[in-house]
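To start, the structure itself, in structure tokens.
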Amino acid sequence: MDLRALALLIILSGPVQADPLRLATWDPGLSRDGPGLLLRDIDRADPQVLAAARVIAAARPDAILLTSFDWDLDGRALSAFAGLLAEMGHPLPHRHASQPNRGVQTGLDLDGDGRPGQPRDAQGYGAFTGQSGMALLSRLPIAGVTDHSAILWRDLPGNRMPDSPHGDAQRLSSTAHWDIRLTTPAGPLHLLAFAATPPAFEARNPARNHDEAAFWLAHLPDAPFAVIGNLNLDPQDGDGDPAALSALLTVTQDPAPRGAWQPPQTGPNAGHTGDPALDTAEYDRPPGNLRLDYILPARGLTVADAGVIWPAPGDPLADAVALASHRKLVWIDLSLR
């Protein structure tokens, strides 16, 4: 067959289909008690760091949002961790990790305890700037990032912010809100990434947790997208208000990723009403295991598969999953055209 005939055959057969794109999100427990300690642990091959890298390499995502990864100004820890993944045979050369709100002090007594400068007085809870920040690692190029993390909570339409004398300083994002544009063979894909505060520990947190999810309802791109990250909200067995999640599900779809194994539903889990196969966080105290981590692609996108990496005891990956984090990696495969 000559080249002209081959070209005609390709045109007549329609567009070439890209392989499914695997997206993942995970809190891998890659946060430490002080600045620089995560890089130290990566450099000295700490077993917990190695376990986290092994889980990611086994999941083989094309892009993964890490929702607990200490930020540093030069990105040295993220570069070192990406190098570790490459050594394990899963290179993710493109990355983003701008400064999060975690640990960024306001100079104010935000929690009203009379002691400014404490972790709860930062824009997002943290003992130092960047503690438990976010990071994206990707096989695909990153075309750009819109960072919404500096938006004030009071400026969100319909916000639930409690009355506060610090409304002109308090940001909405406890960690960050990023619109990350990936370049895929089928065109751009927007990852609407965030990690919300838990709806607990402080009186303002239930409202903030709700509004951090509700933020995306007013910032949806006119392009394929997926909401991704740590919503810190179980709609059935947690303490938060699932109204914002329900609203997001009017414009997205829930692939309902499921784990291969679940612990016995006894003890703290005995009173649960949600499907335990959907849980992504393991707790040995009330309220027990919860579904907190999500990937919600826009309606109209095709989900080929989805899962939670929660292997049964005795599985070759079980020890690494248990050592790395009490949270479990969530993934979905998108079939893009």
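Residue names in the structure tokens use chain letters A, B, ... in the order shown, residue numbers from 1 in each chain, and ligand numbers from 1 in the order shown.
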As a VMD selection string, please: every residue in region 139-238 of chain A that DSSP puts in strand (DSSP E or B). chain A and resid 142 to 147 152 171 177 to 184 187 to 195 225 to 230
Wanna dump the region 9-111 of chain A-region 286-299 of chain A contacts at 10 Å for me, each residue with its shortest atom pair and the distance in Å to one decimal, counting only C-alpha atoms, ordered by chain and number, as a tab-separated table?
residue	atom	partner	partner_atom	distance
A:Leu23	CA	A:Ile295	CA	7.9
A:Ala24	CA	A:Ile295	CA	7.5
A:Thr25	CA	A:Asp293	CA	7.2
A:Trp26	CA	A:Asp293	CA	7.3
A:Asp27	CA	A:Asp293	CA	8.5
A:Thr67	CA	A:Asp293	CA	9.5
Export all heavy atoms of the chosen residues as an mmCIF file, in the first residue's frame?
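This went into again-v8.cif:
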data_model
loop_
_atom_site.group_PDB
_atom_site.id
_atom_site.type_symbol
_atom_site.label_atom_id
_atom_site.label_comp_id
_atom_site.auth_asym_id
_atom_site.auth_seq_id
_atom_site.Cartn_x
_atom_site.Cartn_y
_atom_site.Cartn_z
ATOM 1 N N LEU A 23 -6.319 8.957 36.024
ATOM 2 C CA LEU A 23 -6.175 10.014 37.013
ATOM 3 C C LEU A 23 -6.226 9.397 38.402
ATOM 4 O O LEU A 23 -6.956 8.431 38.637
ATOM 5 C CB LEU A 23 -7.303 11.039 36.870
ATOM 6 C CG LEU A 23 -7.475 11.720 35.518
ATOM 7 C CD1 LEU A 23 -8.684 12.652 35.546
ATOM 8 C CD2 LEU A 23 -6.213 12.496 35.133
ATOM 9 N N ALA A 24 -5.475 9.973 39.325
ATOM 10 C CA ALA A 24 -5.466 9.466 40.689
ATOM 11 C C ALA A 24 -5.354 10.623 41.667
ATOM 12 O O ALA A 24 -4.842 11.704 41.334
ATOM 13 C CB ALA A 24 -4.308 8.487 40.900
ATOM 14 N N THR A 25 -5.845 10.394 42.873
ATOM 15 C CA THR A 25 -5.631 11.324 43.972
ATOM 16 C C THR A 25 -5.365 10.519 45.232
ATOM 17 O O THR A 25 -5.896 9.414 45.412
ATOM 18 C CB THR A 25 -6.822 12.274 44.162
ATOM 19 O OG1 THR A 25 -6.493 13.252 45.162
ATOM 20 C CG2 THR A 25 -8.082 11.547 44.590
ATOM 21 N N TRP A 26 -4.529 11.092 46.106
ATOM 22 C CA TRP A 26 -4.140 10.345 47.302
ATOM 23 C C TRP A 26 -3.515 11.277 48.314
ATOM 24 O O TRP A 26 -2.764 12.195 47.960
ATOM 25 C CB TRP A 26 -3.119 9.269 46.920
ATOM 26 C CG TRP A 26 -2.787 8.277 47.992
ATOM 27 C CD1 TRP A 26 -3.583 7.864 49.019
ATOM 28 C CD2 TRP A 26 -1.548 7.574 48.133
ATOM 29 N NE1 TRP A 26 -2.932 6.935 49.785
ATOM 30 C CE2 TRP A 26 -1.679 6.736 49.264
ATOM 31 C CE3 TRP A 26 -0.360 7.546 47.416
ATOM 32 C CZ2 TRP A 26 -0.661 5.900 49.704
ATOM 33 C CZ3 TRP A 26 0.657 6.716 47.834
ATOM 34 C CH2 TRP A 26 0.506 5.898 48.963
ATOM 35 N N ASP A 27 -3.835 11.045 49.574
ATOM 36 C CA ASP A 27 -3.083 11.608 50.684
ATOM 37 C C ASP A 27 -2.059 10.552 51.087
ATOM 38 O O ASP A 27 -2.391 9.586 51.781
ATOM 39 C CB ASP A 27 -4.026 11.927 51.849
ATOM 40 C CG ASP A 27 -3.303 12.375 53.107
ATOM 41 O OD1 ASP A 27 -2.079 12.151 53.215
ATOM 42 O OD2 ASP A 27 -3.961 12.921 54.011
ATOM 43 N N THR A 67 -2.395 15.063 48.096
ATOM 44 C CA THR A 67 -3.049 16.069 48.932
ATOM 45 C C THR A 67 -2.440 16.178 50.326
ATOM 46 O O THR A 67 -3.016 16.819 51.191
ATOM 47 C CB THR A 67 -4.556 15.771 49.040
ATOM 48 O OG1 THR A 67 -4.753 14.452 49.555
ATOM 49 C CG2 THR A 67 -5.226 15.896 47.682
#
Distance CA of Arg76 (chain A)-CA of Thr175 (chain A), one decimal place?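 According to the coordinates, CA of Arg76 (chain A) and CA of Thr175 (chain A) are separated by 19.4 Å.
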Give me the residues near Leu85 (chain A) as a ChimeraX atom specification, where near means some atom within 12 Å (using only C-alpha atoms) and where sequence neighbours in that chain fewer than 4 positions away do not count. /A:42,49-61,78-81,89-93,137-139
